[in-house]
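Student: Structure file input_16.tsv (TSV, C-alpha atoms) right here:
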```tsv
chain	number	residue	atom	x	y	z
A	122	MET	CA	0.00	0.00	0.00
A	123	SER	CA	1.51	3.31	-1.03
A	124	PRO	CA	0.38	6.86	-0.22
A	125	LEU	CA	0.63	9.46	-2.98
A	126	ALA	CA	0.89	13.08	-1.90
A	127	ALA	CA	-0.49	15.88	-4.01
A	128	SER	CA	2.08	18.27	-5.45
A	129	ASN	CA	0.29	21.33	-4.08
A	130	ALA	CA	1.15	21.95	-0.43
A	131	SER	CA	-2.45	22.99	0.32
A	132	THR	CA	-3.66	19.44	-0.38
A	133	ARG	CA	-1.26	17.54	1.83
A	134	PRO	CA	-2.47	15.39	4.77
A	135	GLY	CA	-4.12	17.29	7.58
A	136	THR	CA	-5.29	20.19	5.40
A	137	GLY	CA	-8.70	18.86	4.47
A	138	ALA	CA	-7.93	17.28	1.10
A	139	PRO	CA	-10.32	14.40	0.35
A	140	ARG	CA	-8.70	11.07	1.16
A	141	VAL	CA	-9.23	8.62	-1.69
A	142	LEU	CA	-8.50	4.91	-1.50
A	143	VAL	CA	-7.65	3.59	-4.97
A	144	PHE	CA	-7.40	-0.13	-5.72
A	145	ALA	CA	-7.90	-2.69	-8.43
A	146	GLY	CA	-10.33	-5.56	-8.00
A	147	SER	CA	-7.61	-8.02	-9.00
A	148	ALA	CA	-4.70	-9.38	-6.98
A	149	ARG	CA	-2.84	-10.60	-10.07
A	150	SER	CA	0.59	-9.01	-10.48
A	151	GLY	CA	0.20	-8.34	-14.21
A	152	SER	CA	-3.36	-7.04	-13.98
A	153	LEU	CA	-4.39	-4.45	-16.55
A	154	ASN	CA	-6.68	-3.01	-13.91
A	155	LYS	CA	-3.72	-2.40	-11.60
A	156	ARG	CA	-2.10	-0.41	-14.39
A	157	LEU	CA	-5.25	1.65	-14.82
A	158	ALA	CA	-5.50	2.10	-11.04
A	159	LYS	CA	-2.06	3.77	-11.04
A	160	VAL	CA	-3.18	6.14	-13.79
A	161	ALA	CA	-6.34	6.91	-11.82
A	162	ALA	CA	-4.39	7.50	-8.60
A	163	GLU	CA	-2.19	10.05	-10.35
A	164	ALA	CA	-5.31	11.74	-11.73
A	165	VAL	CA	-6.81	12.01	-8.24
A	166	VAL	CA	-3.63	13.64	-6.97
A	167	ALA	CA	-3.67	16.06	-9.91
A	168	ALA	CA	-7.27	16.92	-8.97
A	169	GLY	CA	-6.23	17.83	-5.42
A	170	GLY	CA	-6.95	14.59	-3.58
A	171	GLU	CA	-4.83	12.68	-1.11
A	172	VAL	CA	-4.39	9.11	-2.37
A	173	THR	CA	-3.59	5.71	-0.94
A	174	LEU	CA	-2.95	3.11	-3.63
A	175	LEU	CA	-3.83	-0.30	-2.21
A	176	ASP	CA	-3.05	-3.76	-3.60
A	177	LEU	CA	-5.47	-6.57	-2.72
A	178	ALA	CA	-2.52	-8.97	-2.97
A	179	ASP	CA	-1.29	-7.47	0.32
A	180	HIS	CA	-4.58	-8.37	2.02
A	181	ARG	CA	-5.13	-12.05	1.28
A	182	LEU	CA	-8.39	-13.29	2.73
A	183	PRO	CA	-10.05	-16.69	3.01
A	184	VAL	CA	-13.31	-17.14	1.13
A	185	TYR	CA	-16.07	-15.82	3.36
A	186	ASP	CA	-17.56	-18.63	5.47
A	187	GLY	CA	-20.01	-18.04	8.30
A	188	ASP	CA	-18.72	-21.08	10.20
A	189	LEU	CA	-15.15	-19.76	9.93
A	190	GLU	CA	-16.25	-16.37	11.20
A	191	ALA	CA	-18.12	-17.95	14.11
A	192	ALA	CA	-15.13	-20.08	15.07
A	193	GLU	CA	-12.26	-17.63	14.53
A	194	GLY	CA	-13.81	-14.19	14.11
A	195	VAL	CA	-13.04	-11.70	11.36
A	196	PRO	CA	-9.52	-12.32	10.01
A	197	ALA	CA	-6.78	-9.83	10.87
A	198	ALA	CA	-6.32	-8.94	7.20
A	199	ALA	CA	-10.01	-8.02	6.94
A	200	ARG	CA	-9.79	-5.92	10.10
A	201	ARG	CA	-6.83	-4.02	8.63
A	202	LEU	CA	-8.66	-3.48	5.37
A	203	ARG	CA	-11.70	-2.31	7.28
A	204	GLU	CA	-9.68	0.32	9.14
A	205	ILE	CA	-8.02	1.49	5.93
A	206	MET	CA	-11.43	2.04	4.34
A	207	ARG	CA	-12.70	3.87	7.41
A	208	ALA	CA	-9.76	6.27	7.19
A	209	HIS	CA	-10.71	7.45	3.69
A	210	ASP	CA	-13.46	9.67	2.37
A	211	ALA	CA	-13.84	8.05	-1.05
A	212	LEU	CA	-13.14	4.90	-3.02
A	213	LEU	CA	-11.95	4.60	-6.59
A	214	ILE	CA	-12.24	0.96	-7.65
A	215	VAL	CA	-10.83	-0.34	-10.93
A	216	SER	CA	-12.39	-3.73	-11.52
A	217	PRO	CA	-11.96	-6.57	-13.98
A	218	GLU	CA	-15.00	-8.45	-15.23
A	219	ASN	CA	-15.30	-12.17	-14.54
A	220	ASN	CA	-18.12	-13.93	-16.41
A	221	ALA	CA	-20.02	-10.65	-16.78
A	222	SER	CA	-19.84	-9.92	-13.04
A	223	VAL	CA	-17.61	-8.87	-10.15
A	224	PRO	CA	-14.34	-10.80	-9.62
A	225	ALA	CA	-14.29	-13.13	-6.63
A	226	ALA	CA	-11.36	-11.43	-4.86
A	227	LEU	CA	-13.09	-8.05	-4.87
A	228	LYS	CA	-16.49	-9.40	-3.79
A	229	ASN	CA	-14.85	-11.40	-1.02
A	230	ALA	CA	-12.99	-8.35	0.29
A	231	LEU	CA	-16.13	-6.23	0.29
A	232	ASP	CA	-18.02	-9.00	2.10
A	233	TRP	CA	-15.43	-9.43	4.83
A	234	VAL	CA	-15.18	-5.68	5.42
A	235	SER	CA	-18.97	-5.56	5.85
A	236	ARG	CA	-18.91	-7.97	8.80
A	237	PRO	CA	-19.44	-6.56	12.34
A	238	VAL	CA	-16.30	-6.26	14.44
A	239	ASP	CA	-16.20	-5.86	18.25
A	240	GLY	CA	-19.87	-4.94	18.34
A	241	GLN	CA	-19.53	-2.33	15.62
A	242	ASN	CA	-21.95	-2.43	12.70
A	243	GLY	CA	-20.43	-3.92	9.57
A	244	LEU	CA	-21.60	-1.02	7.42
A	245	VAL	CA	-19.55	1.55	9.35
A	246	PRO	CA	-16.57	1.46	6.92
A	247	TYR	CA	-18.93	2.28	4.05
A	248	ARG	CA	-21.00	5.03	5.65
A	249	GLY	CA	-20.56	8.47	4.12
A	250	LYS	CA	-18.38	7.13	1.33
A	251	VAL	CA	-18.54	8.16	-2.30
A	252	ALA	CA	-17.12	5.90	-4.99
A	253	ALA	CA	-16.12	6.07	-8.64
A	254	LEU	CA	-15.77	3.00	-10.84
A	255	LEU	CA	-13.38	2.18	-13.66
A	256	ALA	CA	-12.68	-1.05	-15.52
A	257	ALA	CA	-10.17	-2.41	-18.01
A	258	SER	CA	-10.52	-5.49	-20.17
A	259	PRO	CA	-9.05	-6.95	-23.37
A	260	GLY	CA	-12.65	-7.42	-24.54
A	261	ALA	CA	-14.80	-5.06	-26.57
A	262	LEU	CA	-16.93	-3.89	-23.62
A	263	GLY	CA	-14.01	-3.05	-21.37
A	264	GLY	CA	-15.45	-4.77	-18.30
A	265	LEU	CA	-18.61	-2.67	-18.32
A	266	ARG	CA	-20.97	-5.53	-17.35
A	267	GLY	CA	-19.05	-6.15	-14.14
A	268	LEU	CA	-19.43	-2.51	-13.12
A	269	VAL	CA	-23.21	-2.86	-13.20
A	270	HIS	CA	-23.06	-5.48	-10.44
A	271	LEU	CA	-20.35	-3.65	-8.51
A	272	ARG	CA	-22.49	-0.52	-8.49
A	273	GLN	CA	-25.40	-2.51	-7.03
A	274	ILE	CA	-23.22	-4.07	-4.32
A	275	LEU	CA	-21.74	-0.76	-3.19
A	276	ALA	CA	-25.12	0.98	-3.20
A	277	SER	CA	-26.55	-1.78	-1.00
A	278	LEU	CA	-23.72	-1.10	1.48
A	279	GLY	CA	-24.67	2.57	1.65
A	280	VAL	CA	-22.00	3.97	-0.69
A	281	LEU	CA	-22.89	6.84	-3.02
A	282	VAL	CA	-21.66	5.67	-6.44
A	283	LEU	CA	-21.07	8.38	-9.03
A	284	SER	CA	-22.81	8.11	-12.37
A	285	GLU	CA	-19.51	9.00	-14.05
A	286	GLN	CA	-17.50	5.88	-14.87
A	287	PHE	CA	-15.17	4.52	-17.54
A	288	ALA	CA	-14.61	1.06	-19.04
A	289	LEU	CA	-11.51	0.67	-21.22
A	290	PRO	CA	-11.88	-1.89	-24.06
A	291	ARG	CA	-8.86	-3.58	-25.63
A	292	ALA	CA	-6.95	-2.46	-22.58
A	293	HIS	CA	-3.85	-4.49	-23.51
A	294	GLU	CA	-3.41	-2.10	-26.45
A	295	HIS	CA	-3.86	1.08	-24.40
A	296	LEU	CA	-2.05	0.35	-21.12
A	297	PRO	CA	1.67	-0.16	-21.78
A	298	GLU	CA	3.77	-1.89	-19.14
A	299	SER	CA	5.84	1.28	-18.90
A	300	GLY	CA	2.80	3.06	-17.43
A	301	GLY	CA	0.26	5.65	-18.44
A	302	LEU	CA	-2.50	5.58	-21.01
A	303	ALA	CA	-1.59	5.60	-24.69
A	304	ASP	CA	-4.72	7.46	-25.80
A	305	ALA	CA	-5.07	11.11	-24.73
A	306	LYS	CA	-8.88	10.94	-24.90
A	307	HIS	CA	-8.94	7.97	-22.54
A	308	HIS	CA	-6.62	9.80	-20.16
A	309	ALA	CA	-8.89	12.85	-20.24
A	310	THR	CA	-11.91	10.68	-19.41
A	311	VAL	CA	-10.16	9.06	-16.44
A	312	SER	CA	-9.05	12.50	-15.25
A	313	GLY	CA	-12.63	13.73	-15.49
A	314	VAL	CA	-13.91	10.87	-13.33
A	315	ALA	CA	-11.14	11.50	-10.79
A	316	ARG	CA	-11.92	15.22	-10.71
A	317	ARG	CA	-15.60	14.58	-10.12
A	318	LEU	CA	-14.82	12.14	-7.31
A	319	VAL	CA	-12.59	14.66	-5.55
A	320	GLU	CA	-15.23	17.38	-5.92
A	321	VAL	CA	-18.02	15.28	-4.44
A	322	ALA	CA	-15.82	13.81	-1.70
A	323	ALA	CA	-14.72	17.32	-0.68
A	324	ARG	CA	-18.36	18.36	-0.27
A	325	LEU	CA	-19.31	15.28	1.74
A	326	ALA	CA	-16.19	14.91	3.91
A	327	PRO	CA	-16.40	16.17	7.49
A	328	PRO	CA	-14.41	19.38	8.08
A	329	ALA	CA	-10.80	18.98	9.14
A	330	PRO	CA	-10.24	19.64	12.85
A	331	GLU	CA	-8.82	23.05	13.64
A	332	ALA	CA	-5.18	23.11	14.65
A	333	THR	CA	-4.52	23.69	18.34
A	334	PRO	CA	-2.70	27.00	18.85
```
Just give me the structure as structure tokens.
Tutor:
Amino acid sequence: MSPLAASNASTRPGTGAPRVLVFAGSARSGSLNKRLAKVAAEAVVAAGGEVTLLDLADHRLPVYDGDLEAAEGVPAAARRLREIMRAHDALLIVSPENNASVPAALKNALDWVSRPVDGQNGLVPYRGKVAALLAASPGALGGLRGLVHLRQILASLGVLVLSEQFALPRAHEHLPESGGLADAKHHATVSGVARRLVEVAARLAPPAPEATP
């Protein structure tokens, strides 16, 4: 997990900049969605947000099982992920599409985070959050069908999901391993989604505490 600081001093931590958690819905090292997540994270910073770029591979979780939860409680990795989400004002999720739906790793992470911990309601990490959705796929639809389901899941958890979104088709042609987006129009669209997310998150985020003299 890596924090990205905005270049403008007025948007650094502690100054009220919206805190955006950016992550791909894939744990695979060569994921096209991870590449797009890095582009999106940079766009959020350029828009004035404070970014944490998270990798689901660093938060390996067992498949959700009610018997496992009853016997052992919520796994430590899920508790950590839960606290990370709580510490942010917004989510920017870049998700692959698996069989026209949400990938298992992403759904599993969202499910574990939604479980109650130490008497605290499982929806607490999602309350007050705003989210933007992106997708990348080698296919012609760019992962768009998976975003439909992801939008429904997040809305059911109480997250405000922006209407602005972007699905990148033929992503293997547009996301070079060296980084960035090859097409300027695609980059402008991602930047627009990031800008909108920062704007809405800034309006919804609680005011930063005043510094003690």
Student: Do you have the atom CA of A:Leu262-atom CA of A:Gly300 distance handy?
Tutor: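 Going from atom CA of A:Leu262 over to atom CA of A:Gly300 covers 21.8 Å.
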Student: Show me, as a list in words, the residues that have an atom within 10 Å of A:Phe287 when counting only C-alpha atoms, minus same-chain residues fewer than 2 positions from it.
Tutor: Val215, Ala253, Leu254, Leu255, Ala256, Ala257, Gly263, Gly264, Leu265, Leu268, Ser284, Glu285, Leu289, Pro290, His307, Thr310, Val311, Gly313 and Val314 of chain A
Student: From the list A:Ala211, A:Ala145, A:Val245, A:Val234, which residue is nearest A:Arg324 when using all atoms listed in the file?
Tutor: A:Ala211
Student: Might you pull out every residue within 9 Å of A:Glu163, with all atoms listed in the file counted and same-chain residues fewer than 2 positions away left off, and present them as a VMD selection string?
Tutor: chain A and resid 125 127 158 to 161 165 to 168 172 312
Student: With C-alpha atoms retained, could you export that selection as a compact mmCIF listing (two decimals), in the frame of the given file?
Tutor:
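Output file part.txt follows:
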```txt
# COMPACT_ATOMS: atom_id res chain seq x y z
CA LEU A 125 0.63 9.46 -2.98
CA ALA A 127 -0.49 15.88 -4.01
CA ALA A 158 -5.50 2.10 -11.04
CA LYS A 159 -2.06 3.77 -11.04
CA VAL A 160 -3.18 6.14 -13.79
CA ALA A 161 -6.34 6.91 -11.82
CA VAL A 165 -6.81 12.01 -8.24
CA VAL A 166 -3.63 13.64 -6.97
CA ALA A 167 -3.67 16.06 -9.91
CA ALA A 168 -7.27 16.92 -8.97
CA VAL A 172 -4.39 9.11 -2.37
CA SER A 312 -9.05 12.50 -15.25
```
Student: Would you please work out which residue, of A:Leu182, A:Leu153, A:Ala148, A:Ala208, is nearest to A:Pro327 when using only C-alpha atoms?
Tutor: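 Ranking A:Leu182, A:Leu153, A:Ala148, A:Ala208 by distance to A:Pro327, first place goes to A:Ala208.
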Student: Which residues are near A:Met206? Cut-off 8 Å, only C-alpha atoms, ignore same chain within fewer than 2 positions. Put them as a VMD selection string.
Tutor: chain A and resid 142 202 to 204 208 to 209 246 to 247
Student: Between atom CA of A:Ala322 and atom CA of A:Val251, what is the distance in Å, rounded to a tenth?
Tutor: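 Atom CA of A:Val251 lies at a distance of 6.3 Å from atom CA of A:Ala322.
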Student: Can you pull out the residues contacting A:Pro297? Cut-off 12 Å, using all atoms listed in the file, and skip same-chain residues under 4 positions away; I want them as a PyMOL selection string.
Tutor: chain A and resi 151-157+160+291-293+301-304
Student: Pick the closest to A:Ser216 from A:His295, A:Arg316, A:Lys228, A:Arg181: which is it, counting only C-alpha atoms?
Tutor: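 Closest to A:Ser216, using only C-alpha atoms: A:Lys228.
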Student: Counting only C-alpha atoms, which of A:Leu281, A:Ile214, A:Leu275, A:Ala315 gets nearest to A:Leu177?
Tutor: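 Counting only C-alpha atoms, the residue closest to A:Leu177 is A:Ile214.
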Student: Which of these, A:Ala197, A:Val282, A:Ala192, A:Leu271, has the shortest distance to A:Val321 once you count all atoms listed in the file?
Tutor: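 That would be A:Val282, the residue with the smallest distance to A:Val321.
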Student: Can you tell me, as a short mmCIF file (atom, residue, chain, number, x, y, z; two decimals) with C-alpha atoms, in the frame of the given file, what residues are no more than 10 Å from A:Asn219 when counting all atoms listed in the file, ignoring any on the same chain fewer than 2 positions away?
Tutor:
```
data_model
loop_
_atom_site.label_atom_id
_atom_site.label_comp_id
_atom_site.auth_asym_id
_atom_site.auth_seq_id
_atom_site.Cartn_x
_atom_site.Cartn_y
_atom_site.Cartn_z
CA SER A 216 -12.39 -3.73 -11.52
CA PRO A 217 -11.96 -6.57 -13.98
CA ALA A 221 -20.02 -10.65 -16.78
CA SER A 222 -19.84 -9.92 -13.04
CA VAL A 223 -17.61 -8.87 -10.15
CA PRO A 224 -14.34 -10.80 -9.62
CA ALA A 225 -14.29 -13.13 -6.63
CA SER A 258 -10.52 -5.49 -20.17
CA GLY A 264 -15.45 -4.77 -18.30
CA ARG A 266 -20.97 -5.53 -17.35
CA GLY A 267 -19.05 -6.15 -14.14
#
```
Student: Using all atoms listed in the file, which of A:Ala252, A:Leu244, A:Ala199, A:Ala288 sits nearest A:Leu318?
Tutor: A:Ala252
Student: Separation of atom CA of A:Glu320 and atom CA of A:Ala162, in Å?
Tutor: 14.9 Å
Student: Please report, as JSON, the centre and edge lengths in Å to one decimal of an axis-aligned box covering all listed atoms of stretch 140-152 of chain A with 6 Å per side.
Tutor:
```
{"center_x": -4.9, "center_y": 0.2, "center_z": -6.5, "size_x": 22.9, "size_y": 33.7, "size_z": 27.4}
```
Student: Taking (-18.5, -9.6, 3.6) in the file's coordinates as the center, which residues reach within 10 Å of it, counting all atoms listed in the file, put as a PyMOL selection string?
Tutor: chain A and resi 184-187+195+199+228-237+243-244
